[in-house]
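Student: This one is run-v6.txt, compact mmCIF, C-alpha atoms.
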# COMPACT_ATOMS: atom_id res chain seq x y z
CA MET I 1 58.20 130.97 3.08
CA GLN I 2 57.32 127.30 3.48
CA SER I 3 53.82 128.00 4.71
CA GLU I 4 53.33 130.43 1.83
CA ILE I 5 54.34 127.79 -0.72
CA LEU I 6 52.14 125.19 0.98
CA THR I 7 49.16 127.58 0.98
CA ILE I 8 49.56 128.21 -2.75
CA ALA I 9 49.92 124.50 -3.54
CA LEU I 10 46.88 123.53 -1.47
CA PHE I 11 44.78 126.41 -2.79
CA THR I 12 45.63 125.59 -6.41
CA THR I 13 44.79 121.91 -5.94
CA ALA I 14 41.53 122.69 -4.14
CA ALA I 15 40.52 125.28 -6.75
CA ALA I 16 41.28 122.85 -9.59
CA LEU I 17 39.22 120.18 -7.84
CA ALA I 18 36.32 122.61 -7.36
CA ALA I 19 36.61 123.66 -11.01
CA THR I 20 36.47 120.01 -12.09
CA ILE I 21 33.33 119.40 -10.01
CA LEU I 22 31.82 122.61 -11.41
CA MET I 23 32.51 121.67 -15.04
CA LEU I 24 31.24 118.06 -14.76
CA PRO I 25 27.44 118.60 -14.95
CA PRO I 26 27.44 121.07 -17.88
CA GLY I 27 30.33 119.21 -19.53
CA ILE I 28 28.59 115.83 -19.40
CA ALA I 29 25.28 117.32 -20.56
CA LEU I 30 26.91 119.15 -23.46
CA ALA I 31 28.96 116.10 -24.48
CA TRP I 32 25.84 113.93 -24.48
CA VAL I 33 23.77 116.39 -26.51
CA LEU I 34 26.58 116.77 -29.07
CA ALA I 35 27.03 112.99 -29.29
CA ARG I 36 23.34 112.16 -29.64
CA TYR I 37 21.46 114.95 -31.34
CA ARG I 38 21.47 116.81 -34.61
CA PHE I 39 20.02 120.27 -34.43
CA ARG I 40 20.22 123.65 -36.08
CA GLY I 41 23.24 125.59 -34.92
CA LYS I 42 25.04 122.50 -33.68
CA ALA I 43 28.22 123.60 -35.48
CA VAL I 44 28.07 126.91 -33.61
CA VAL I 45 27.67 125.19 -30.24
CA GLU I 46 30.55 122.83 -31.09
CA THR I 47 32.78 125.74 -31.99
CA LEU I 48 31.83 127.74 -28.89
CA ALA I 49 32.60 124.74 -26.71
CA SER I 50 36.09 124.47 -28.20
CA LEU I 51 36.84 128.19 -28.23
CA PRO I 52 38.67 128.39 -24.86
CA LEU I 53 41.06 125.77 -26.21
CA VAL I 54 42.26 127.92 -29.10
CA MET I 55 41.69 131.48 -27.91
CA PRO I 56 44.51 133.21 -26.03
CA PRO I 57 43.70 132.41 -22.37
CA VAL I 58 44.19 136.09 -21.53
CA ALA I 59 41.44 136.96 -24.03
CA THR I 60 39.13 134.40 -22.42
CA GLY I 61 39.97 135.99 -19.09
CA LEU I 62 39.08 139.43 -20.39
CA LEU I 63 35.79 138.09 -21.72
CA LEU I 64 35.04 136.60 -18.30
CA LEU I 65 35.97 139.89 -16.65
CA TRP I 66 33.38 141.67 -18.77
CA LEU I 67 30.76 139.03 -18.09
CA VAL I 68 31.08 138.72 -14.33
CA GLY I 69 32.47 142.19 -13.56
CA ARG I 70 30.26 144.44 -11.47
CA ARG I 71 28.77 146.06 -14.58
CA GLY I 72 28.78 142.91 -16.72
CA PRO I 73 25.54 141.09 -17.61
CA VAL I 74 26.19 138.29 -15.09
CA GLY I 75 27.82 140.48 -12.44
CA ARG I 76 24.82 142.81 -12.40
CA LEU I 77 22.50 139.86 -11.67
CA LEU I 78 24.67 138.75 -8.76
CA GLU I 79 25.27 142.17 -7.22
CA PRO I 80 21.89 142.45 -5.41
CA PHE I 81 22.77 139.25 -3.54
CA GLY I 82 26.09 140.69 -2.47
CA ILE I 83 27.97 138.19 -4.62
CA GLU I 84 31.17 139.45 -6.15
CA ILE I 85 33.35 137.22 -8.27
CA VAL I 86 36.18 139.26 -9.75
CA PHE I 87 39.44 139.04 -7.75
CA THR I 88 38.03 136.36 -5.44
CA PRO I 89 38.83 132.64 -5.14
CA ALA I 90 35.53 132.06 -6.99
CA ALA I 91 37.03 133.82 -10.01
CA VAL I 92 39.98 131.41 -9.92
CA VAL I 93 37.61 128.42 -9.92
CA LEU I 94 35.51 129.93 -12.71
CA ALA I 95 38.51 130.65 -14.93
CA MET I 96 39.86 127.15 -14.37
CA ALA I 97 36.49 125.56 -15.14
CA ILE I 98 36.03 127.50 -18.38
CA MET I 99 39.53 126.58 -19.53
CA GLY I 100 39.13 122.90 -18.63
CA LEU I 101 35.62 122.44 -20.02
CA PRO I 102 36.55 121.91 -23.71
CA LEU I 103 38.86 119.03 -22.82
CA LEU I 104 36.17 117.35 -20.74
CA VAL I 105 33.49 117.85 -23.43
CA ARG I 106 35.63 116.43 -26.23
CA THR I 107 36.71 113.35 -24.31
CA ALA I 108 33.30 112.62 -22.80
CA ARG I 109 31.61 113.09 -26.17
CA ALA I 110 33.81 110.41 -27.71
CA GLY I 111 32.77 108.16 -24.83
CA PHE I 112 29.05 108.72 -25.43
CA GLU I 113 29.52 108.10 -29.14
CA GLN I 114 31.01 104.69 -28.33
CA VAL I 115 28.04 103.55 -26.24
CA THR I 116 26.01 101.10 -28.32
CA ARG I 117 22.47 102.42 -28.64
CA ARG I 118 21.14 98.88 -28.42
CA TYR I 119 22.08 98.63 -24.73
CA GLU I 120 19.89 101.66 -24.12
CA GLN I 121 17.11 100.08 -26.16
CA MET I 122 17.31 96.93 -24.02
CA ALA I 123 16.91 99.06 -20.90
CA GLU I 124 13.86 100.67 -22.50
CA THR I 125 12.25 97.30 -23.23
CA LEU I 126 12.79 96.51 -19.55
CA GLY I 127 10.63 99.49 -18.67
CA ALA I 128 13.28 102.03 -17.74
CA PRO I 129 12.31 105.69 -18.24
CA PRO I 130 14.82 107.93 -20.11
CA TRP I 131 16.55 109.34 -17.03
CA ARG I 132 17.09 105.85 -15.59
CA VAL I 133 18.46 104.61 -18.93
CA PHE I 134 20.94 107.49 -18.92
CA ARG I 135 21.94 107.07 -15.29
CA THR I 136 22.24 103.26 -15.23
CA VAL I 137 23.36 102.41 -18.77
CA THR I 138 24.67 105.36 -20.79
CA LEU I 139 26.65 107.06 -18.04
CA PRO I 140 28.38 103.93 -16.67
CA LEU I 141 29.28 102.74 -20.17
CA ALA I 142 30.82 106.15 -20.95
CA SER I 143 32.34 106.54 -17.48
CA ARG I 144 35.91 105.76 -18.45
CA ASN I 145 36.00 108.56 -21.00
CA ILE I 146 34.24 110.93 -18.64
CA LEU I 147 36.83 110.18 -15.95
CA ALA I 148 39.67 110.67 -18.42
CA GLY I 149 38.10 113.95 -19.56
CA ALA I 150 37.68 115.12 -15.97
CA LEU I 151 41.33 114.38 -15.30
CA LEU I 152 42.41 116.28 -18.39
CA GLY I 153 40.24 119.18 -17.29
CA PHE I 154 41.75 118.99 -13.80
CA THR I 155 45.34 119.09 -15.07
CA ARG I 156 44.45 121.96 -17.38
CA ALA I 157 42.96 123.77 -14.38
CA LEU I 158 46.06 123.15 -12.27
CA GLY I 159 48.26 124.96 -14.79
CA GLU I 160 45.81 127.73 -15.69
CA PHE I 161 47.47 131.14 -15.94
CA GLY I 162 46.19 133.57 -18.55
CA ALA I 163 42.50 133.71 -17.68
CA THR I 164 43.18 133.51 -13.95
CA ILE I 165 45.50 136.49 -13.78
CA VAL I 166 43.03 138.73 -15.63
CA VAL I 167 39.90 137.79 -13.75
CA ALA I 168 41.33 136.89 -10.31
CA GLY I 169 44.68 138.68 -10.10
CA SER I 170 47.52 137.53 -7.86
CA ILE I 171 46.40 138.29 -4.32
CA PRO I 172 48.61 136.44 -1.80
CA GLY I 173 46.65 133.97 0.29
CA ARG I 174 43.49 134.66 -1.67
CA THR I 175 43.78 134.15 -5.43
CA ARG I 176 47.45 133.33 -6.00
CA THR I 177 47.82 130.00 -7.80
CA LEU I 178 50.94 128.05 -8.75
CA ALA I 179 51.22 129.41 -12.25
CA VAL I 180 50.35 132.97 -11.27
CA GLY I 181 52.69 132.69 -8.26
CA ILE I 182 55.65 131.60 -10.39
CA TYR I 183 55.07 134.56 -12.67
CA THR I 184 54.66 137.07 -9.84
CA TYR I 185 57.74 135.85 -7.92
CA THR I 186 59.89 135.84 -11.06
CA GLU I 187 58.75 139.34 -11.97
CA THR I 188 59.59 140.62 -8.51
CA GLY I 189 62.95 138.84 -8.29
CA GLN I 190 61.95 136.33 -5.60
CA ASP I 191 63.71 133.49 -7.36
CA ALA I 192 63.81 131.05 -4.42
CA ARG I 193 60.03 131.21 -4.07
CA ALA I 194 59.55 130.80 -7.83
CA ALA I 195 61.84 127.77 -7.79
CA ALA I 196 59.94 126.20 -4.90
CA LEU I 197 56.64 126.62 -6.75
CA LEU I 198 58.26 125.15 -9.85
CA VAL I 199 59.15 122.00 -7.91
CA VAL I 200 55.58 121.74 -6.59
CA SER I 201 54.20 122.23 -10.11
CA VAL I 202 56.34 119.48 -11.53
CA ALA I 203 55.37 117.12 -8.70
CA LEU I 204 51.62 117.80 -9.11
CA ALA I 205 51.73 117.43 -12.88
CA PHE I 206 53.79 114.25 -12.58
CA GLY I 207 51.31 112.75 -10.12
CA SER I 208 48.27 113.64 -12.24
CA VAL I 209 49.71 112.17 -15.42
CA LEU I 210 50.75 109.05 -13.53
CA ILE I 211 47.19 108.59 -12.24
CA ALA I 212 45.72 109.35 -15.69
CA ASN I 213 47.90 106.73 -17.33
CA ARG I 214 47.06 104.20 -14.64
CA LEU I 215 43.34 104.86 -15.19
CA ALA I 216 43.72 104.44 -18.94
CA HIS I 217 45.24 100.98 -18.50
CA VAL I 218 43.13 99.52 -15.70
CA ASP I 219 40.45 97.19 -17.01
CA MET Y 1 -7.46 73.80 -28.23
CA GLU Y 2 -6.01 70.34 -27.87
CA THR Y 3 -6.35 68.36 -24.67
CA GLY Y 4 -3.75 66.80 -22.39
CA GLU Y 5 -0.46 68.58 -21.90
CA HIS Y 6 -1.63 71.77 -23.56
CA VAL Y 7 -3.02 73.68 -20.65
CA ALA Y 8 -2.01 77.25 -21.42
CA GLU Y 9 -4.49 79.52 -23.06
CA ALA Y 10 -3.81 80.69 -26.57
CA THR Y 11 -2.90 84.33 -27.01
CA GLN Y 12 -4.03 86.37 -29.92
CA PHE Y 13 -1.26 87.84 -31.98
CA GLU Y 14 -2.08 90.36 -34.62
CA LEU Y 15 0.73 91.38 -36.90
CA ARG Y 16 -0.34 93.46 -39.84
CA PHE Y 17 2.23 96.00 -40.80
CA SER Y 18 4.72 96.90 -43.45
CA LEU Y 19 8.18 98.08 -42.73
CA THR Y 20 10.58 99.02 -45.48
CA GLN Y 21 14.13 98.05 -44.85
CA GLY Y 22 16.98 98.02 -47.32
CA THR Y 23 15.75 96.66 -50.59
CA PHE Y 24 12.50 95.02 -49.56
CA THR Y 25 9.40 95.60 -47.50
CA ILE Y 26 8.61 93.40 -44.54
CA ALA Y 27 4.88 92.70 -44.52
CA PRO Y 28 3.68 89.94 -42.21
CA ASP Y 29 -0.13 90.36 -42.11
CA VAL Y 30 -1.26 87.47 -39.92
CA VAL Y 31 -3.66 87.01 -37.05
CA ALA Y 32 -2.99 83.91 -35.00
CA ALA Y 33 -4.23 82.41 -31.75
CA ALA Y 34 -1.29 80.56 -30.26
CA ARG Y 35 0.81 80.02 -27.18
CA ALA Y 36 4.00 80.19 -29.17
CA VAL Y 37 4.52 81.56 -32.65
CA ALA Y 38 7.59 80.55 -34.65
CA LEU Y 39 8.94 83.01 -37.19
CA PHE Y 40 10.73 80.77 -39.62
CA GLY Y 41 12.82 81.62 -42.66
CA PRO Y 42 16.32 82.13 -44.04
CA SER Y 43 18.66 84.89 -42.89
CA GLY Y 44 17.55 88.29 -44.11
CA SER Y 45 13.91 87.27 -44.45
CA GLY Y 46 12.84 89.90 -41.91
CA LYS Y 47 12.35 87.77 -38.78
CA THR Y 48 14.36 90.01 -36.45
CA SER Y 49 12.73 93.14 -37.86
CA ILE Y 50 9.34 91.74 -36.89
CA LEU Y 51 10.50 91.23 -33.29
CA GLU Y 52 11.89 94.76 -33.23
CA ALA Y 53 8.63 96.15 -34.56
CA ILE Y 54 6.70 94.36 -31.79
CA ALA Y 55 9.16 95.68 -29.17
CA GLY Y 56 8.83 99.18 -30.61
CA LEU Y 57 12.46 99.48 -31.68
CA ARG Y 58 11.42 99.87 -35.33
CA THR Y 59 8.48 101.88 -36.56
CA PRO Y 60 6.44 100.44 -39.43
CA GLN Y 61 5.14 102.83 -42.11
CA ARG Y 62 1.65 101.52 -41.59
CA GLY Y 63 -0.24 98.72 -39.96
CA ARG Y 64 -1.30 97.34 -36.63
CA ILE Y 65 0.39 95.22 -33.98
CA ALA Y 66 -1.52 93.72 -31.07
CA VAL Y 67 -0.69 91.09 -28.48
CA HIS Y 68 -3.34 89.74 -26.08
CA ARG Y 69 -5.70 92.13 -27.89
CA ARG Y 70 -3.62 94.97 -26.47
CA VAL Y 71 -2.83 97.31 -29.34
CA LEU Y 72 0.84 98.29 -29.32
CA PHE Y 73 0.89 100.05 -32.66
CA ASP Y 74 -1.75 101.24 -35.06
CA THR Y 75 -1.30 103.83 -37.76
CA GLY Y 76 -5.10 103.96 -38.17
CA THR Y 77 -5.55 105.46 -34.70
CA ARG Y 78 -2.05 106.96 -34.53
CA THR Y 79 -1.21 104.67 -31.64
CA SER Y 80 2.36 103.79 -30.78
CA VAL Y 81 2.91 102.61 -27.23
CA PRO Y 82 6.38 103.72 -26.01
CA VAL Y 83 8.96 100.94 -25.81
CA ARG Y 84 9.06 101.02 -22.02
CA ASP Y 85 5.30 100.52 -21.74
CA ARG Y 86 4.99 97.65 -24.21
CA HIS Y 87 5.59 94.99 -21.53
CA VAL Y 88 7.62 92.78 -23.80
CA GLY Y 89 10.56 90.63 -22.78
CA TYR Y 90 13.05 90.84 -25.61
CA VAL Y 91 16.08 88.58 -25.94
CA PRO Y 92 18.02 89.61 -29.06
CA GLN Y 93 20.34 87.14 -30.71
CA ASP Y 94 23.45 88.73 -29.17
CA VAL Y 95 21.56 88.88 -25.82
CA LEU Y 96 23.08 92.30 -24.93
CA LEU Y 97 23.57 91.72 -21.23
CA PHE Y 98 24.71 94.95 -19.62
CA PRO Y 99 28.51 94.56 -19.50
CA HIS Y 100 28.97 96.81 -16.47
CA LEU Y 101 26.51 94.94 -14.24
CA ASN Y 102 26.88 91.49 -12.70
CA VAL Y 103 24.38 88.71 -13.37
CA ARG Y 104 22.10 89.57 -10.44
CA LYS Y 105 21.95 93.24 -11.37
CA ASN Y 106 21.26 92.36 -14.99
CA ILE Y 107 18.38 90.09 -14.02
CA THR Y 108 16.82 92.54 -11.58
CA TYR Y 109 17.20 95.56 -13.86
CA ALA Y 110 13.59 95.57 -15.08
CA GLN Y 111 10.89 97.74 -13.57
CA ARG Y 112 8.58 95.22 -11.87
CA ARG Y 113 4.92 94.98 -12.64
CA ARG Y 114 2.13 92.82 -11.33
CA PRO Y 115 2.06 89.94 -11.87
CA HIS Y 116 5.80 89.42 -12.04
CA VAL Y 117 8.11 86.42 -11.86
CA ASP Y 118 10.05 85.96 -8.62
CA LEU Y 119 13.76 85.19 -8.42
CA PRO Y 120 13.31 81.73 -6.81
CA ASP Y 121 10.99 80.77 -9.66
CA LEU Y 122 13.50 82.00 -12.21
CA ASP Y 123 16.24 80.06 -10.46
CA ARG Y 124 14.18 76.87 -10.45
CA LEU Y 125 13.45 77.36 -14.13
CA LEU Y 126 16.89 78.36 -15.37
CA GLY Y 127 19.35 77.29 -12.66
CA LEU Y 128 20.84 80.67 -11.94
CA ASN Y 129 22.03 80.45 -8.34
CA SER Y 130 25.67 79.69 -9.07
CA LEU Y 131 25.78 82.53 -11.62
CA MET Y 132 24.27 85.33 -9.55
CA ASP Y 133 27.45 87.07 -8.45
CA ARG Y 134 29.47 86.40 -11.60
CA ARG Y 135 30.52 89.01 -14.08
CA VAL Y 136 28.82 88.92 -17.44
CA ALA Y 137 32.09 88.80 -19.35
CA GLY Y 138 32.99 85.27 -18.22
CA LEU Y 139 29.70 83.56 -19.06
CA SER Y 140 29.35 80.84 -21.72
CA GLY Y 141 26.81 81.11 -24.56
CA GLY Y 142 24.27 78.97 -22.72
CA GLU Y 143 24.74 80.87 -19.47
CA ARG Y 144 24.29 84.19 -21.25
CA GLN Y 145 21.09 82.96 -22.83
CA ARG Y 146 19.70 81.81 -19.45
CA VAL Y 147 20.58 85.14 -17.80
CA ALA Y 148 19.05 87.09 -20.69
CA LEU Y 149 15.87 85.00 -20.43
CA ALA Y 150 15.70 85.65 -16.69
CA ARG Y 151 16.22 89.38 -17.22
CA ALA Y 152 13.44 89.48 -19.79
CA LEU Y 153 11.08 87.50 -17.53
CA TYR Y 154 11.76 89.28 -14.23
CA SER Y 155 9.16 91.99 -14.78
CA GLY Y 156 6.49 89.53 -15.92
CA PRO Y 157 6.15 90.48 -19.58
CA ASP Y 158 2.99 90.02 -21.67
CA VAL Y 159 5.01 88.29 -24.36
CA LEU Y 160 8.56 86.98 -24.74
CA LEU Y 161 10.38 87.80 -27.98
CA LEU Y 162 13.22 85.39 -28.67
CA ASP Y 163 15.73 85.70 -31.49
CA GLU Y 164 17.45 82.41 -32.24
CA PRO Y 165 17.79 81.58 -28.54
CA LEU Y 166 19.65 78.31 -29.16
CA ALA Y 167 22.06 79.54 -31.81
CA ALA Y 168 24.93 80.27 -29.42
CA VAL Y 169 24.21 77.33 -27.10
CA ASP Y 170 26.15 74.07 -27.38
CA LEU Y 171 24.09 71.04 -28.35
CA ALA Y 172 24.25 69.44 -24.90
CA ARG Y 173 22.58 72.47 -23.27
CA ARG Y 174 19.91 73.11 -25.87
CA ARG Y 175 17.45 70.68 -24.34
CA LEU Y 176 17.76 72.48 -20.99
CA ILE Y 177 16.82 75.83 -22.48
CA LEU Y 178 14.11 74.36 -24.67
CA ASP Y 179 12.53 72.74 -21.58
CA ALA Y 180 12.73 76.06 -19.74
CA LEU Y 181 10.98 77.79 -22.64
CA ILE Y 182 8.20 75.19 -22.62
CA ALA Y 183 7.82 75.74 -18.87
CA ILE Y 184 7.63 79.49 -19.43
CA ARG Y 185 4.98 78.97 -22.08
CA ASP Y 186 2.83 76.49 -20.16
CA GLY Y 187 3.72 77.11 -16.50
CA LEU Y 188 4.06 80.88 -16.44
CA HIS Y 189 1.56 81.32 -19.29
CA ILE Y 190 3.80 83.78 -21.08
CA PRO Y 191 3.36 83.50 -24.85
CA LEU Y 192 6.44 83.33 -27.05
CA VAL Y 193 7.43 84.69 -30.42
CA TYR Y 194 10.34 82.57 -31.47
CA VAL Y 195 12.65 83.39 -34.37
CA THR Y 196 14.52 80.45 -35.82
CA HIS Y 197 15.78 78.92 -39.03
CA SER Y 198 15.59 75.41 -37.62
CA PRO Y 199 12.34 73.59 -38.45
CA ASP Y 200 12.99 71.15 -35.59
CA GLU Y 201 13.13 73.96 -33.03
CA ALA Y 202 10.04 75.55 -34.50
CA ARG Y 203 8.15 72.25 -34.25
CA ALA Y 204 9.36 71.65 -30.69
CA ILE Y 205 8.23 74.97 -29.28
CA ALA Y 206 5.54 76.52 -31.46
CA ASP Y 207 1.90 75.77 -32.11
CA TYR Y 208 1.75 78.29 -34.93
CA ALA Y 209 4.40 78.98 -37.53
CA ILE Y 210 4.88 81.85 -39.94
CA VAL Y 211 7.19 81.08 -42.83
CA LEU Y 212 8.89 84.15 -44.24
CA ASP Y 213 10.92 84.82 -47.33
CA GLU Y 214 12.24 88.24 -48.28
CA GLY Y 215 9.87 89.93 -45.89
CA ARG Y 216 6.71 88.20 -47.14
CA VAL Y 217 4.64 85.54 -45.44
CA VAL Y 218 4.79 82.52 -47.74
CA ALA Y 219 2.89 80.22 -45.39
CA ALA Y 220 1.27 80.35 -41.98
CA GLY Y 221 -0.46 77.75 -39.87
CA ARG Y 222 0.20 74.65 -37.78
CA PRO Y 223 3.93 73.81 -37.75
CA ALA Y 224 3.22 70.29 -39.00
CA ASP Y 225 1.45 71.70 -42.03
CA VAL Y 226 3.67 74.59 -43.06
CA LEU Y 227 7.23 73.73 -42.01
CA PRO Y 228 9.56 71.81 -44.33
Give the structure from this file in structure tokens form.
Tutor:
Amino acid sequence: MQSEILTIALFTTAAALAATILMLPPGIALAWVLARYRFRGKAVVETLASLPLVMPPVATGLLLLWLVGRRGPVGRLLEPFGIEIVFTPAAVVLAMAIMGLPLLVRTARAGFEQVTRRYEQMAETLGAPPWRVFRTVTLPLASRNILAGALLGFTRALGEFGATIVVAGSIPGRTRTLAVGIYTYTETGQDARAAALLVVSVALAFGSVLIANRLAHVD
Amino acid sequence: METGEHVAEATQFELRFSLTQGTFTIAPDVVAAARAVALFGPSGSGKTSILEAIAGLRTPQRGRIAVHRRVLFDTGTRTSVPVRDRHVGYVPQDVLLFPHLNVRKNITYAQRRRPHVDLPDLDRLLGLNSLMDRRVAGLSGGERQRVALARALYSGPDVLLLDEPLAAVDLARRRLILDALIAIRDGLHIPLVYVTHSPDEARAIADYAIVLDEGRVVAAGRPADVLP
């Protein structure tokens, strides 16, 4: 039983980490665009980006299942390459990333909005092209918010349940995460295992929040 | 040109533009041959806006801006050189050193061009060695100003735009920075545009002065003739 619990804990942490890395590039790009530009349909993009936060996670999972399922628009593109997502660890990571993304985007966006445009203008007068200005001025000055957003996204990913169980299932040693595991074990009367996962969940959540708070206070 | 200490060649500045801001229009309209131009006038007279227009951070409605006969902006030919290609060294009044970089990284941020100014030269001019590895947050007003000057000079700009460079510097250190600016003007041959509301500073540094009030040029010429 111990190795089973350890496998689930390690897999969940690794999947949440992978999901965080996966959500960072699109999350940062989206946050920056929303912070800096006005464009037609911006309200729609804003709403779409927040949708996973307010929709029932199971509904988001179902939507993902349709998208990446073998006959879905994305799944059909991947099939010729032999890539299948549904009921694989990749599905776990995808579900976690989608659910964590809104938290990252909101927090990072606030960070970009706080960056004084005049610092970027100074970099421009010093000859820096746009990408260098972004990389060396904008991004570092917003980094604290981006880090906080990534951590929020990570903790959200750690606890993800609804979307994961629809799109990835609860396959032991393959897609079973902490939250899904607790549910499965409780449903099947394996209370000792459920309790062990509960302890691990509390410990992981405790550690993440502790680190997040430390980050928020360090100067 | 006068003889003696004045060895640097005069640069041609052409500022003919209008820029509406708030309640009034800033309209310089001067052509001057000088090594250092002082923009003189009370707060809100449009001095800073002129610097920003030269740097490309504000876009005039119409007009023409040229430095060294290099046209930076001209509505007649639809020319507007991008900020990063204007080759100006800009030191705003609040200096805006990058808070996340140390002094050395601030100074060496600029993309270098030829000819540029080397670090040892900048150190000799501004005494930077002891500051190099310090954080920006702990610097005094005078130190910030020196670092900002070095950052603006590092790439070897065609012109240095200075906004009240002595305002945040204590009296004892002003002479030091003023001497450095004169060395930049005459030794490095980099022309200055110097915003101030002190006639003494304008006289000390500039060989041409533009007196502004509410965005209009009310006088322009030799500092001795036009300054109060």
Student: Taking 2 positions as the minimum chain separation for residues in the same chain, which residues sit within 8 Å of segment 153-169 of chain Y when counting only C-alpha atoms? Answer as a PyMOL selection string.
Tutor: (chain I and resi 126) or (chain Y and resi 48+51+67-68+87-93+107-108+110-119+122+141-142+145+149-151+171+173-174+177+190-197)
Student: Which residue gives the smallest distance to Thr23 of chain Y among Y:Arg58, Y:Glu214, Y:Pro228, Y:Arg78, with only C-alpha atoms counted?
Tutor: Y:Glu214
Student: Could you name the residues that touch Leu227 of chain Y at 10 Å or less, counting only C-alpha atoms, but leaving out those on the same chain fewer than 2 positions away, as a tab-separated table (two decimals) with C-alpha atoms, keeping the file's coordinate frame?
Tutor:
chain	number	residue	atom	x	y	z
Y	40	PHE	CA	10.73	80.77	-39.62
Y	41	GLY	CA	12.82	81.62	-42.66
Y	198	SER	CA	15.59	75.41	-37.62
Y	199	PRO	CA	12.34	73.59	-38.45
Y	200	ASP	CA	12.99	71.15	-35.59
Y	202	ALA	CA	10.04	75.55	-34.50
Y	203	ARG	CA	8.15	72.25	-34.25
Y	209	ALA	CA	4.40	78.98	-37.53
Y	210	ILE	CA	4.88	81.85	-39.94
Y	211	VAL	CA	7.19	81.08	-42.83
Y	219	ALA	CA	2.89	80.22	-45.39
Y	220	ALA	CA	1.27	80.35	-41.98
Y	221	GLY	CA	-0.46	77.75	-39.87
Y	222	ARG	CA	0.20	74.65	-37.78
Y	223	PRO	CA	3.93	73.81	-37.75
Y	224	ALA	CA	3.22	70.29	-39.00
Y	225	ASP	CA	1.45	71.70	-42.03
Student: What gap, in Å, lies between atom CA of Pro82 of chain Y and atom CA of Thr138 of chain I?
Tutor: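 About the pair atom CA of Pro82 of chain Y and atom CA of Thr138 of chain I: they are 19.1 Å apart.
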Student: Using all atoms listed in the file, can you tell me which of Y:Leu57, Y:Ile184, Y:Leu101, Y:Leu176 comes closest to Met132 of chain Y?
Tutor: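 Of Y:Leu57, Y:Ile184, Y:Leu101, Y:Leu176, the one nearest Met132 of chain Y, counting all atoms listed in the file, is Y:Leu101.
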Student: Go through chain I and flag each residue having an atom no more than 10 Å from chain Y; for those, report the closest pair of atoms plus their distance in Å to one decimal, using all atoms listed in the file, ordered by chain and rising number, as CSV.
Tutor:
residue,atom,partner,partner_atom,distance
I:Thr116,CA,Y:Leu96,CA,9.9
I:Arg118,CA,Y:Leu96,CA,7.7
I:Tyr119,CA,Y:Leu96,CA,6.4
I:Glu120,CA,Y:Phe98,CA,9.4
I:Gln121,CA,Y:Leu57,CA,7.2
I:Met122,CA,Y:Leu96,CA,7.5
I:Ala123,CA,Y:Ala110,CA,7.6
I:Glu124,CA,Y:Arg84,CA,4.8
I:Thr125,CA,Y:Arg84,CA,5.0
I:Leu126,CA,Y:Ala110,CA,4.6
I:Gly127,CA,Y:Arg84,CA,4.0
I:Ala128,CA,Y:Arg84,CA,6.1
I:Pro129,CA,Y:Arg84,CA,6.8
I:Pro130,CA,Y:Arg84,CA,9.2
I:Thr136,CA,Y:Tyr109,CA,9.3
I:Val137,CA,Y:Phe98,CA,7.6
I:Pro140,CA,Y:His100,CA,7.1
I:Leu141,CA,Y:His100,CA,7.0
Student: Those same residues, written as a short mmCIF file (atom, residue, chain, number, x, y, z; two decimals), in the coordinates of the input with C-alpha atoms?
Tutor:
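For reference, out_3.cif as written:
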data_model
loop_
_atom_site.label_atom_id
_atom_site.label_comp_id
_atom_site.auth_asym_id
_atom_site.auth_seq_id
_atom_site.Cartn_x
_atom_site.Cartn_y
_atom_site.Cartn_z
CA THR I 116 26.01 101.10 -28.32
CA ARG I 118 21.14 98.88 -28.42
CA TYR I 119 22.08 98.63 -24.73
CA GLU I 120 19.89 101.66 -24.12
CA GLN I 121 17.11 100.08 -26.16
CA MET I 122 17.31 96.93 -24.02
CA ALA I 123 16.91 99.06 -20.90
CA GLU I 124 13.86 100.67 -22.50
CA THR I 125 12.25 97.30 -23.23
CA LEU I 126 12.79 96.51 -19.55
CA GLY I 127 10.63 99.49 -18.67
CA ALA I 128 13.28 102.03 -17.74
CA PRO I 129 12.31 105.69 -18.24
CA PRO I 130 14.82 107.93 -20.11
CA THR I 136 22.24 103.26 -15.23
CA VAL I 137 23.36 102.41 -18.77
CA PRO I 140 28.38 103.93 -16.67
CA LEU I 141 29.28 102.74 -20.17
#
Student: In Å, rounded to a single decimal, give me how far atom CA of Leu94 of chain I is from atom CA of Pro25 of chain I.
Tutor: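 These atoms are spaced 14.1 Å apart.
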Student: Go ahead and compute the interatomic distance for atom CA of Gly75 of chain I and atom CA of Phe87 of chain I, in Å to one decimal.
Tutor: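 About the pair atom CA of Gly75 of chain I and atom CA of Phe87 of chain I: they are 12.6 Å apart.
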Student: Have a look at I:Thr12, I:Thr175, I:Ser3, I:Ser208 and name the one nearest to Ile85 of chain I; count all atoms listed in the file.
Tutor: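 Smallest separation from Ile85 of chain I among the options: I:Thr175.
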Student: Please check which residues have atoms at most 9 Å from (50.2, 129.4, -4.2) in the file's coordinates, counting all atoms listed in the file, and write them as a count of residues only.
Tutor: 21
Student: With a distance cut-off of 12 Å and only C-alpha atoms, select the neighbouring residues of segment 51-56 of chain I, excluding the residue or stretch itself and same-chain residues fewer than 3 positions from it, and output the selection as a ChimeraX atom specification.
Tutor: /I:44-48,59-64,95-106,153,156,160-163,166
Student: Ranking Y:Asn102, Y:Gln12, Y:Ser80, Y:Asn129 by minimum distance to Ala36 of chain Y and counting all atoms listed in the file, which one comes first?
Tutor: Y:Gln12
